[in-house]
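Peer 1: Contents of final.json (JSON, C-alpha atoms):
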[["chain", "number", "residue", "atom", "x", "y", "z"],
["T", 1, "MET", "CA", 11.41, 19.96, -4.74],
["T", 2, "VAL", "CA", 13.33, 16.90, -5.98],
["T", 3, "GLU", "CA", 13.24, 13.82, -3.78],
["T", 4, "VAL", "CA", 16.53, 12.24, -2.75],
["T", 5, "SER", "CA", 17.03, 8.81, -4.31],
["T", 6, "LYS", "CA", 18.74, 5.85, -2.68],
["T", 7, "PRO", "CA", 18.97, 2.14, -3.57],
["T", 8, "LEU", "CA", 16.14, -0.14, -2.47],
["T", 9, "ASN", "CA", 17.73, -3.19, -0.88],
["T", 10, "LEU", "CA", 17.47, -5.28, 2.27],
["T", 11, "GLY", "CA", 19.83, -2.93, 4.10],
["T", 12, "ALA", "CA", 17.59, 0.05, 3.37],
["T", 13, "ILE", "CA", 14.54, -1.90, 4.54],
["T", 14, "ARG", "CA", 16.25, -2.96, 7.77],
["T", 15, "ALA", "CA", 17.36, 0.64, 8.38],
["T", 16, "ALA", "CA", 13.78, 1.79, 7.78],
["T", 17, "HIS", "CA", 12.54, -0.76, 10.32],
["T", 18, "GLU", "CA", 14.90, 0.56, 12.98],
["T", 19, "ARG", "CA", 13.94, 4.17, 12.19],
["T", 20, "ILE", "CA", 10.18, 3.69, 12.35],
["T", 21, "ARG", "CA", 9.99, 1.02, 15.07],
["T", 22, "PRO", "CA", 9.07, 3.52, 17.85],
["T", 23, "HIS", "CA", 6.23, 4.96, 15.75],
["T", 24, "ILE", "CA", 4.44, 1.90, 14.33],
["T", 25, "HIS", "CA", 2.87, -1.36, 15.44],
["T", 26, "ARG", "CA", 4.44, -4.72, 14.72],
["T", 27, "THR", "CA", 1.12, -6.01, 13.43],
["T", 28, "PRO", "CA", -0.17, -9.48, 14.25],
["T", 29, "MET", "CA", -0.47, -12.54, 12.03],
["T", 30, "LEU", "CA", -3.86, -14.26, 11.81],
["T", 31, "THR", "CA", -4.88, -17.60, 10.36],
["T", 32, "SER", "CA", -8.23, -19.25, 9.64],
["T", 33, "GLU", "CA", -8.85, -22.99, 9.40],
["T", 34, "ARG", "CA", -11.97, -22.27, 7.33],
["T", 35, "LEU", "CA", -10.07, -20.19, 4.77],
["T", 36, "ASP", "CA", -7.23, -22.72, 4.70],
["T", 37, "GLU", "CA", -9.70, -25.48, 3.95],
["T", 38, "ALA", "CA", -11.45, -23.44, 1.26],
["T", 39, "SER", "CA", -8.15, -22.67, -0.50],
["T", 40, "SER", "CA", -6.42, -26.05, 0.12],
["T", 41, "ALA", "CA", -3.43, -24.05, 1.39],
["T", 42, "SER", "CA", -2.02, -22.58, 4.60],
["T", 43, "LEU", "CA", -2.78, -18.85, 4.62],
["T", 44, "PHE", "CA", -1.03, -16.37, 6.93],
["T", 45, "PHE", "CA", -2.56, -12.89, 7.05],
["T", 46, "LYS", "CA", -0.34, -9.93, 7.99],
["T", 47, "CYS", "CA", -2.88, -7.56, 9.54],
["T", 48, "GLU", "CA", -1.88, -4.04, 8.53],
["T", 49, "ASN", "CA", -5.51, -3.06, 9.13],
["T", 50, "PHE", "CA", -4.32, -2.88, 12.77],
["T", 51, "GLN", "CA", -1.46, -0.53, 11.84],
["T", 52, "LYS", "CA", -1.29, 3.14, 12.85],
["T", 53, "VAL", "CA", -3.68, 5.18, 10.63],
["T", 54, "GLY", "CA", -5.32, 1.82, 9.85],
["T", 55, "ALA", "CA", -3.03, 0.95, 6.95],
["T", 56, "PHE", "CA", 0.49, -0.10, 5.94],
["T", 57, "LYS", "CA", 1.03, 3.42, 4.58],
["T", 58, "ALA", "CA", 2.14, 4.51, 8.06],
["T", 59, "ARG", "CA", 5.38, 2.60, 7.50],
["T", 60, "GLY", "CA", 6.57, 4.27, 4.31],
["T", 61, "ALA", "CA", 5.40, 7.78, 5.17],
["T", 62, "THR", "CA", 7.05, 7.65, 8.60],
["T", 63, "ASN", "CA", 10.33, 6.43, 7.13],
["T", 64, "ALA", "CA", 10.34, 9.16, 4.48],
["T", 65, "VAL", "CA", 9.45, 11.98, 6.88],
["T", 66, "PHE", "CA", 11.98, 10.91, 9.50],
["T", 67, "SER", "CA", 14.69, 10.53, 6.83],
["T", 68, "LEU", "CA", 14.55, 14.25, 5.95],
["T", 69, "ASP", "CA", 17.43, 16.40, 7.15],
["T", 70, "GLU", "CA", 16.58, 19.13, 9.66],
["T", 71, "SER", "CA", 16.62, 21.94, 7.10],
["T", 72, "ALA", "CA", 14.14, 20.22, 4.77],
["T", 73, "ALA", "CA", 12.01, 18.98, 7.62],
["T", 74, "ARG", "CA", 11.50, 22.46, 9.09],
["T", 75, "ARG", "CA", 9.93, 23.66, 5.83],
["T", 76, "GLY", "CA", 7.41, 20.80, 5.96],
["T", 77, "VAL", "CA", 6.08, 18.15, 3.61],
["T", 78, "ALA", "CA", 3.32, 17.71, 1.05],
["T", 79, "THR", "CA", 1.67, 14.90, -0.85],
["T", 80, "HIS", "CA", -1.44, 14.11, -2.86],
["T", 81, "SER", "CA", -3.55, 11.19, -1.74],
["T", 82, "SER", "CA", -7.11, 9.89, -1.75],
["T", 83, "GLY", "CA", -6.70, 8.87, 1.85],
["T", 84, "ASN", "CA", -4.38, 6.43, 3.61],
["T", 85, "HIS", "CA", -1.05, 7.88, 2.44],
["T", 86, "GLY", "CA", -2.28, 11.39, 3.18],
["T", 87, "ALA", "CA", -3.22, 10.40, 6.72],
["T", 88, "ALA", "CA", 0.12, 8.62, 7.12],
["T", 89, "VAL", "CA", 2.12, 11.67, 6.00],
["T", 90, "ALA", "CA", 0.00, 13.94, 8.21],
["T", 91, "ARG", "CA", 0.63, 11.70, 11.22],
["T", 92, "ALA", "CA", 4.37, 11.40, 10.57],
["T", 93, "ALA", "CA", 4.66, 15.17, 10.20],
["T", 94, "LYS", "CA", 2.79, 15.69, 13.47],
["T", 95, "LEU", "CA", 5.15, 13.25, 15.21],
["T", 96, "ARG", "CA", 8.13, 15.19, 13.89],
["T", 97, "GLY", "CA", 6.52, 18.55, 14.67],
["T", 98, "ILE", "CA", 6.55, 19.90, 11.10],
["T", 99, "PRO", "CA", 3.85, 21.26, 8.75],
["T", 100, "ALA", "CA", 2.00, 18.98, 6.32],
["T", 101, "HIS", "CA", -0.06, 19.90, 3.25],
["T", 102, "ILE", "CA", -2.27, 17.12, 1.87],
["T", 103, "VAL", "CA", -3.90, 17.47, -1.56],
["T", 104, "MET", "CA", -7.05, 15.32, -1.69],
["T", 105, "PRO", "CA", -9.61, 14.70, -4.46],
["T", 106, "SER", "CA", -12.94, 16.34, -3.73],
["T", 107, "ASN", "CA", -14.66, 12.93, -3.76],
["T", 108, "SER", "CA", -12.40, 11.35, -1.13],
["T", 109, "ALA", "CA", -14.12, 9.13, 1.42],
["T", 110, "LYS", "CA", -15.26, 11.09, 4.47],
["T", 111, "VAL", "CA", -13.54, 8.65, 6.83],
["T", 112, "LYS", "CA", -10.21, 9.37, 5.12],
["T", 113, "ILE", "CA", -10.73, 13.16, 5.13],
["T", 114, "ARG", "CA", -11.49, 13.03, 8.85],
["T", 115, "ALA", "CA", -8.33, 10.99, 9.44],
["T", 116, "VAL", "CA", -6.12, 13.60, 7.72],
["T", 117, "GLU", "CA", -7.84, 16.42, 9.60],
["T", 118, "SER", "CA", -7.31, 14.66, 12.93],
["T", 119, "TYR", "CA", -3.52, 14.94, 12.54],
["T", 120, "GLY", "CA", -3.65, 18.69, 12.00],
["T", 121, "ALA", "CA", -2.58, 18.75, 8.35],
["T", 122, "GLN", "CA", -3.78, 21.42, 5.95],
["T", 123, "ILE", "CA", -6.02, 19.86, 3.30],
["T", 124, "VAL", "CA", -6.21, 21.30, -0.22],
["T", 125, "PHE", "CA", -9.04, 19.81, -2.28],
["T", 126, "CYS", "CA", -8.81, 19.33, -6.05],
["T", 127, "GLU", "CA", -10.73, 17.74, -8.90],
["T", 128, "PRO", "CA", -10.72, 13.91, -8.74],
["T", 129, "THR", "CA", -8.20, 13.30, -11.51],
["T", 130, "GLU", "CA", -4.54, 12.30, -11.36],
["T", 131, "GLU", "CA", -3.62, 15.37, -13.42],
["T", 132, "ALA", "CA", -5.41, 17.74, -11.00],
["T", 133, "ARG", "CA", -3.82, 16.06, -7.98],
["T", 134, "GLU", "CA", -0.30, 16.38, -9.37],
["T", 135, "LYS", "CA", -0.83, 19.96, -10.59],
["T", 136, "THR", "CA", -2.31, 21.14, -7.28],
["T", 137, "CYS", "CA", 0.42, 19.45, -5.29],
["T", 138, "ALA", "CA", 3.11, 21.03, -7.48],
["T", 139, "GLU", "CA", 1.53, 24.46, -6.85],
["T", 140, "VAL", "CA", 1.55, 23.88, -3.08],
["T", 141, "ILE", "CA", 5.22, 22.85, -3.18],
["T", 142, "LYS", "CA", 6.19, 25.86, -5.30],
["T", 143, "LYS", "CA", 4.36, 28.22, -2.95],
["T", 144, "THR", "CA", 5.62, 26.75, 0.34],
["T", 145, "GLY", "CA", 9.00, 25.19, -0.46],
["T", 146, "VAL", "CA", 8.03, 21.93, 1.27],
["T", 147, "THR", "CA", 9.30, 18.47, 0.32],
["T", 148, "LEU", "CA", 7.14, 16.07, -1.70],
["T", 149, "ILE", "CA", 6.56, 12.69, -0.06],
["T", 150, "HIS", "CA", 5.28, 10.74, -3.05],
["T", 151, "SER", "CA", 3.13, 7.76, -2.17],
["T", 152, "PHE", "CA", 5.17, 5.26, -4.19],
["T", 153, "GLU", "CA", 7.87, 6.88, -6.37],
["T", 154, "ASN", "CA", 10.15, 7.38, -3.37],
["T", 155, "GLU", "CA", 12.73, 4.82, -2.22],
["T", 156, "TYR", "CA", 12.31, 5.79, 1.44],
["T", 157, "VAL", "CA", 8.59, 5.10, 1.15],
["T", 158, "MET", "CA", 9.23, 1.78, -0.62],
["T", 159, "ALA", "CA", 11.75, 0.75, 2.05],
["T", 160, "GLY", "CA", 9.26, 1.59, 4.78],
["T", 161, "GLN", "CA", 6.52, -0.42, 3.10],
["T", 162, "GLY", "CA", 8.94, -3.35, 2.81],
["T", 163, "THR", "CA", 9.11, -3.60, 6.60],
["T", 164, "ALA", "CA", 5.70, -5.33, 6.62],
["T", 165, "ALA", "CA", 7.10, -8.19, 4.52],
["T", 166, "LEU", "CA", 10.26, -8.19, 6.65],
["T", 167, "GLU", "CA", 8.14, -8.88, 9.73],
["T", 168, "LEU", "CA", 5.99, -11.38, 7.84],
["T", 169, "VAL", "CA", 8.94, -13.50, 6.70],
["T", 170, "GLU", "CA", 10.59, -13.27, 10.15],
["T", 171, "ASP", "CA", 7.38, -14.39, 11.90],
["T", 172, "ILE", "CA", 6.38, -17.13, 9.42],
["T", 173, "PRO", "CA", 9.45, -18.95, 8.09],
["T", 174, "SER", "CA", 9.44, -21.20, 5.01],
["T", 175, "LEU", "CA", 6.72, -19.39, 3.07],
["T", 176, "ASP", "CA", 6.24, -20.55, -0.51],
["T", 177, "VAL", "CA", 4.36, -17.44, -1.69],
["T", 178, "VAL", "CA", 3.84, -13.87, -0.53],
["T", 179, "MET", "CA", 0.94, -11.82, -1.94],
["T", 180, "CYS", "CA", -0.04, -8.16, -1.80],
["T", 181, "PRO", "CA", -2.13, -5.72, -3.83],
["T", 182, "VAL", "CA", -0.54, -3.37, -6.36],
["T", 183, "GLY", "CA", -1.54, 0.19, -7.23],
["T", 184, "GLY", "CA", 1.41, 2.53, -7.68],
["T", 185, "GLY", "CA", 3.79, -0.24, -6.62],
["T", 186, "GLY", "CA", 5.39, 1.09, -3.44],
["T", 187, "LEU", "CA", 4.22, -1.80, -1.26],
["T", 188, "LEU", "CA", 4.93, -4.38, -3.96],
["T", 189, "CYS", "CA", 8.50, -3.14, -4.48],
["T", 190, "GLY", "CA", 9.29, -3.18, -0.77],
["T", 191, "THR", "CA", 7.60, -6.55, -0.32],
["T", 192, "ALA", "CA", 9.38, -8.16, -3.26],
["T", 193, "VAL", "CA", 12.84, -6.91, -2.32],
["T", 194, "ALA", "CA", 12.42, -7.89, 1.35],
["T", 195, "ALA", "CA", 10.96, -11.33, 0.63],
["T", 196, "LYS", "CA", 13.38, -12.29, -2.15],
["T", 197, "SER", "CA", 16.39, -11.04, -0.18],
["T", 198, "LEU", "CA", 15.43, -13.16, 2.84],
["T", 199, "GLN", "CA", 14.09, -16.19, 0.95],
["T", 200, "PRO", "CA", 15.30, -16.23, -2.67],
["T", 201, "LYS", "CA", 13.01, -19.12, -3.68],
["T", 202, "ILE", "CA", 9.82, -17.45, -2.47],
["T", 203, "LYS", "CA", 7.27, -16.49, -5.13],
["T", 204, "VAL", "CA", 6.05, -12.88, -5.05],
["T", 205, "ILE", "CA", 2.61, -12.43, -6.58],
["T", 206, "ALA", "CA", 0.72, -9.15, -6.82],
["T", 207, "VAL", "CA", -2.99, -8.68, -7.44],
["T", 208, "GLU", "CA", -4.94, -5.71, -8.76],
["T", 209, "PRO", "CA", -8.56, -5.13, -9.78],
["T", 210, "ALA", "CA", -9.41, -6.24, -13.31],
["T", 211, "ASN", "CA", -10.86, -2.73, -13.77],
["T", 212, "ALA", "CA", -7.46, -1.17, -12.99],
["T", 213, "ASP", "CA", -5.06, -3.67, -14.51],
["T", 214, "ASP", "CA", -2.24, -1.49, -15.83],
["T", 215, "ALA", "CA", 0.40, -3.32, -13.77],
["T", 216, "ALA", "CA", -0.73, -6.72, -15.05],
["T", 217, "GLN", "CA", -0.80, -5.42, -18.63],
["T", 218, "SER", "CA", 2.64, -3.84, -18.19],
["T", 219, "PHE", "CA", 4.03, -7.04, -16.66],
["T", 220, "ARG", "CA", 2.85, -9.10, -19.66],
["T", 221, "ALA", "CA", 4.06, -6.52, -22.20],
["T", 222, "GLY", "CA", 7.47, -6.12, -20.56],
["T", 223, "ARG", "CA", 7.11, -2.33, -20.59],
["T", 224, "ARG", "CA", 5.21, 0.18, -18.48],
["T", 225, "LEU", "CA", 1.77, 0.99, -19.88],
["T", 226, "VAL", "CA", -0.48, 3.81, -18.69],
["T", 227, "THR", "CA", -4.17, 2.96, -18.89],
["T", 228, "GLU", "CA", -7.43, 4.79, -18.31],
["T", 229, "LYS", "CA", -8.97, 3.39, -15.14],
["T", 230, "LYS", "CA", -12.56, 2.23, -14.86],
["T", 231, "PHE", "CA", -14.37, 2.39, -11.55],
["T", 232, "THR", "CA", -13.16, -0.07, -8.93],
["T", 233, "ILE", "CA", -14.36, -0.42, -5.37],
["T", 234, "ALA", "CA", -10.70, -0.88, -4.43],
["T", 235, "ASP", "CA", -10.12, 2.87, -4.61],
["T", 236, "GLY", "CA", -6.59, 2.64, -3.23],
["T", 237, "LEU", "CA", -5.49, 0.70, -6.33],
["T", 238, "ARG", "CA", -6.69, 3.03, -9.09],
["T", 239, "THR", "CA", -3.23, 4.54, -9.63],
["T", 240, "ASN", "CA", -1.01, 3.58, -12.55],
["T", 241, "VAL", "CA", 2.18, 1.82, -11.50],
["T", 242, "GLY", "CA", 5.16, 4.16, -11.12],
["T", 243, "GLU", "CA", 8.09, 4.18, -13.56],
["T", 244, "PRO", "CA", 10.85, 3.49, -10.99],
["T", 245, "ASN", "CA", 8.55, 0.96, -9.35],
["T", 246, "PHE", "CA", 7.99, -0.99, -12.54],
["T", 247, "ALA", "CA", 11.72, -1.48, -13.06],
["T", 248, "ILE", "CA", 11.94, -3.10, -9.59],
["T", 249, "ILE", "CA", 8.81, -5.14, -10.23],
["T", 250, "GLN", "CA", 10.29, -6.55, -13.45],
["T", 251, "ARG", "CA", 13.34, -7.72, -11.52],
["T", 252, "TYR", "CA", 11.76, -9.20, -8.39],
["T", 253, "VAL", "CA", 8.08, -10.08, -8.98],
["T", 254, "ASP", "CA", 7.00, -13.48, -10.28],
["T", 255, "ASP", "CA", 3.47, -12.69, -11.44],
["T", 256, "ILE", "CA", 0.67, -10.11, -11.38],
["T", 257, "VAL", "CA", -2.93, -11.32, -11.63],
["T", 258, "THR", "CA", -6.32, -9.62, -11.42],
["T", 259, "ALA", "CA", -9.55, -10.00, -9.47],
["T", 260, "SER", "CA", -13.09, -9.06, -10.51],
["T", 261, "GLU", "CA", -15.20, -6.50, -8.66],
["T", 262, "GLU", "CA", -17.62, -9.23, -7.58],
["T", 263, "ALA", "CA", -14.79, -11.33, -6.15],
["T", 264, "ILE", "CA", -13.30, -8.35, -4.29],
["T", 265, "VAL", "CA", -16.61, -7.61, -2.54],
["T", 266, "SER", "CA", -17.15, -11.29, -1.79],
["T", 267, "ALA", "CA", -13.60, -11.70, -0.43],
["T", 268, "MET", "CA", -13.97, -8.60, 1.74],
["T", 269, "ARG", "CA", -17.19, -9.92, 3.23],
["T", 270, "THR", "CA", -15.72, -13.39, 3.75],
["T", 271, "ILE", "CA", -12.77, -11.95, 5.68],
["T", 272, "TRP", "CA", -15.09, -9.81, 7.83],
["T", 273, "GLU", "CA", -17.38, -12.74, 8.59],
["T", 274, "THR", "CA", -14.75, -15.46, 9.01],
["T", 275, "MET", "CA", -11.86, -13.65, 10.66],
["T", 276, "LYS", "CA", -13.97, -11.07, 12.53],
["T", 277, "ILE", "CA", -11.80, -8.17, 11.34],
["T", 278, "VAL", "CA", -12.51, -5.05, 9.26],
["T", 279, "VAL", "CA", -10.58, -4.78, 5.99],
["T", 280, "GLU", "CA", -11.07, -2.33, 3.16],
["T", 281, "PRO", "CA", -11.70, -3.47, -0.43],
["T", 282, "SER", "CA", -8.07, -2.98, -1.54],
["T", 283, "ALA", "CA", -6.93, -5.29, 1.26],
["T", 284, "ALA", "CA", -9.27, -8.05, 0.09],
["T", 285, "VAL", "CA", -7.93, -8.10, -3.48],
["T", 286, "PRO", "CA", -5.25, -10.82, -2.97],
["T", 287, "TYR", "CA", -7.72, -13.19, -1.31],
["T", 288, "ALA", "CA", -10.19, -12.44, -4.12],
["T", 289, "ALA", "CA", -7.63, -13.78, -6.62],
["T", 290, "ILE", "CA", -7.33, -16.96, -4.54],
["T", 291, "VAL", "CA", -11.12, -17.36, -4.56],
["T", 292, "GLU", "CA", -11.14, -16.96, -8.35],
["T", 293, "ASN", "CA", -8.33, -19.54, -8.71],
["T", 294, "LYS", "CA", -6.06, -17.03, -10.44],
["T", 295, "ILE", "CA", -2.99, -18.67, -8.85],
["T", 296, "VAL", "CA", -2.09, -22.24, -7.94],
["T", 297, "ILE", "CA", -1.42, -22.48, -4.20],
["T", 298, "GLU", "CA", -2.67, -25.95, -3.26],
["T", 299, "GLY", "CA", -0.57, -27.34, -0.43],
["T", 300, "LYS", "CA", 1.53, -24.16, -0.17],
["T", 301, "ARG", "CA", 2.26, -21.75, 2.68],
["T", 302, "VAL", "CA", 1.05, -18.32, 1.57],
["T", 303, "GLY", "CA", 1.65, -14.97, 3.30],
["T", 304, "ILE", "CA", -0.93, -12.29, 2.48],
["T", 305, "ILE", "CA", -0.59, -8.63, 3.43],
["T", 306, "LEU", "CA", -3.97, -7.21, 4.48],
["T", 307, "THR", "CA", -3.17, -3.62, 3.64],
["T", 308, "GLY", "CA", -5.74, -1.61, 5.57],
["T", 309, "GLY", "CA", -9.06, -1.33, 7.33],
["T", 310, "ASN", "CA", -10.35, 2.18, 6.63],
["T", 311, "VAL", "CA", -13.91, 1.67, 5.47],
["T", 312, "ASP", "CA", -16.82, 4.06, 5.14],
["T", 313, "LEU", "CA", -19.31, 2.18, 7.34],
["T", 314, "ASP", "CA", -22.19, 4.16, 5.83],
["T", 315, "ALA", "CA", -21.43, 2.80, 2.37],
["T", 316, "LEU", "CA", -20.58, -0.88, 2.72],
["T", 317, "PRO", "CA", -20.58, -2.58, -0.71],
["T", 318, "TRP", "CA", -23.04, -5.32, 0.24],
["T", 319, "ASN", "CA", -25.56, -2.71, 1.41],
["T", 320, "LEU", "CA", -25.54, -0.57, -1.74]]
Translate this structure into structure tokens?
Peer 2:
Amino acid sequence: MVEVSKPLNLGAIRAAHERIRPHIHRTPMLTSERLDEASSASLFFKCENFQKVGAFKARGATNAVFSLDESAARRGVATHSSGNHGAAVARAAKLRGIPAHIVMPSNSAKVKIRAVESYGAQIVFCEPTEEAREKTCAEVIKKTGVTLIHSFENEYVMAGQGTAALELVEDIPSLDVVMCPVGGGGLLCGTAVAAKSLQPKIKVIAVEPANADDAAQSFRAGRRLVTEKKFTIADGLRTNVGEPNFAIIQRYVDDIVTASEEAIVSAMRTIWETMKIVVEPSAAVPYAAIVENKIVIEGKRVGIILTGGNVDLDALPWNL
């Protein structure tokens, strides 16, 4: 099933916001004097850990599912996901009253499997490789005739993800920098287009784990590179950046930097302890780059998207 393509621009992001508004939270902004002092900057955290399904993924999945025409919607939807996107698609499908098939790696976190199950989706497990995920999902689509809701190579998903940055820039005017993590690039594309369209002089900086740095390598090389990923605790960012996503990133993003595993764990713990909120490792990656002085932000106003808060509480990284 081929996905319908449409341009990613501010109009598409505003339309997505109107479409999904009844089904999502307008998440709060939090600040911390202690973290401001430590970074010599003014940090504004967009708390998508308080979003439906516990992650920003609810935005893009809901926009994509509710953009389907009635004929396609009745057949249902499918995706492959290690967790948050799968739960988001399952929830959006339940809201629309249509079937959902979620292909998940066999080693997915239990908290994320339970989340998908709670929305009534049918889970199909596969081997924990990108190839197995894509192959299994293709088989499901061929068998059922459902529509693929890709987690990042889908303009409706990108537009939905961009609504977080839309709210961020509306709520906190005159930002100098906006930061978010990058995996496949759906959030980064939506964030960059929204932020640059509203404030052309704003700097858009993405961060990914040093152990999964294909986007940073691609950004430096000026062409998309596919790399073999090492282990990273930020499991939501193990994916290689998408081809259509990279073209948008090249146009709108100012820089992509990396953070070490040690810094990610430390940043995650610091946010928990200082801000009294639960964030998952992927969400802590931008702050980890600040801690490691990977970007110069002294005296600047910096918006940071905290992407999610779905954590396996039985396997916290500082208890392993």
Peer 1: Could you tell me how far CA of Leu188 in chain T lies from CA of Gly308 in chain T, in Å and to one decimal?
Peer 2: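 Answer for the CA of Leu188 in chain T to CA of Gly308 in chain T separation: 14.6 Å.
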Peer 1: Could you give me, as number ranges by chain, the residues within 9 Å of range 240-253 of chain T, counting all atoms listed in the file and dropping anything in the same chain fewer than 2 positions from it?
Peer 2: T: 8, 152-154, 158, 182-186, 188-189, 192-193, 196, 203-206, 212-215, 218-219, 222-229, 237-238, 255-256
Peer 1: Have a look at CA of Glu37 in chain T and CA of Pro181 in chain T and let me know their distance in Å, one decimal.
Peer 2: 22.5 Å
Peer 1: Can I get the residues of range 134-181 of chain T within 8 Å of range 15-21 of chain T, each with the closest pair of atoms and their distance in Å to one decimal, using only C-alpha atoms, sorted chain first then ascending number, as CSV?
Peer 2:
residue,atom,partner,partner_atom,distance
T:Tyr156,CA,T:Ala16,CA,7.6
T:Ala159,CA,T:Ala16,CA,6.2
T:Gly160,CA,T:Ala16,CA,5.4
T:Thr163,CA,T:His17,CA,5.8
Peer 1: Could you jot down the CA of Pro22 in chain T to CA of Glu70 in chain T separation for me, Å, one decimal place?
Peer 2: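 Value for the CA of Pro22 in chain T-CA of Glu70 in chain T distance: 19.2 Å.
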Peer 1: Using only C-alpha atoms, find the one residue out of T:Val146, T:Leu35, T:Asp254, T:Gly120 that sits nearest to Arg74 in chain T.
Peer 2: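 The shortest atom-to-atom distance to Arg74 in chain T comes from T:Val146.
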Peer 1: Hey, which of T:Met179, T:Ala72, T:Ile13, T:Val89 ends up closest to Arg301 in chain T? Count all atoms listed in the file.
Peer 2: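 Looking only at the distances to Arg301 in chain T, the closest residue turns out to be T:Met179.
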Peer 1: So, with all atoms listed in the file as the atoms that count, which of T:Glu131, T:Glu298, T:Asp176, T:Glu261 lies closest to Pro317 in chain T?
Peer 2: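 Of T:Glu131, T:Glu298, T:Asp176, T:Glu261, the one nearest Pro317 in chain T is T:Glu261, counting all atoms listed in the file.
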Peer 1: Can you tell me, as a list of chain:residue names, which residues sit within 12 Å of (-0.7, -7.4, 18.5) in the file's frame, using only C-alpha atoms?
Peer 2: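 These residues have at least one counted atom within 12 Å: T:Ile24, T:His25, T:Arg26, T:Thr27, T:Pro28, T:Met29, T:Leu30, T:Lys46, T:Cys47, T:Glu48, T:Asn49, T:Phe50, T:Gln51, T:Lys52.
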Peer 1: Could you name the residues that touch Ala210 in chain T at 6 Å or less, counting all atoms listed in the file, but leaving out those on the same chain fewer than 6 positions away, as a list in words?
Peer 2: Thr258, Ala259 and Ser260 of chain T
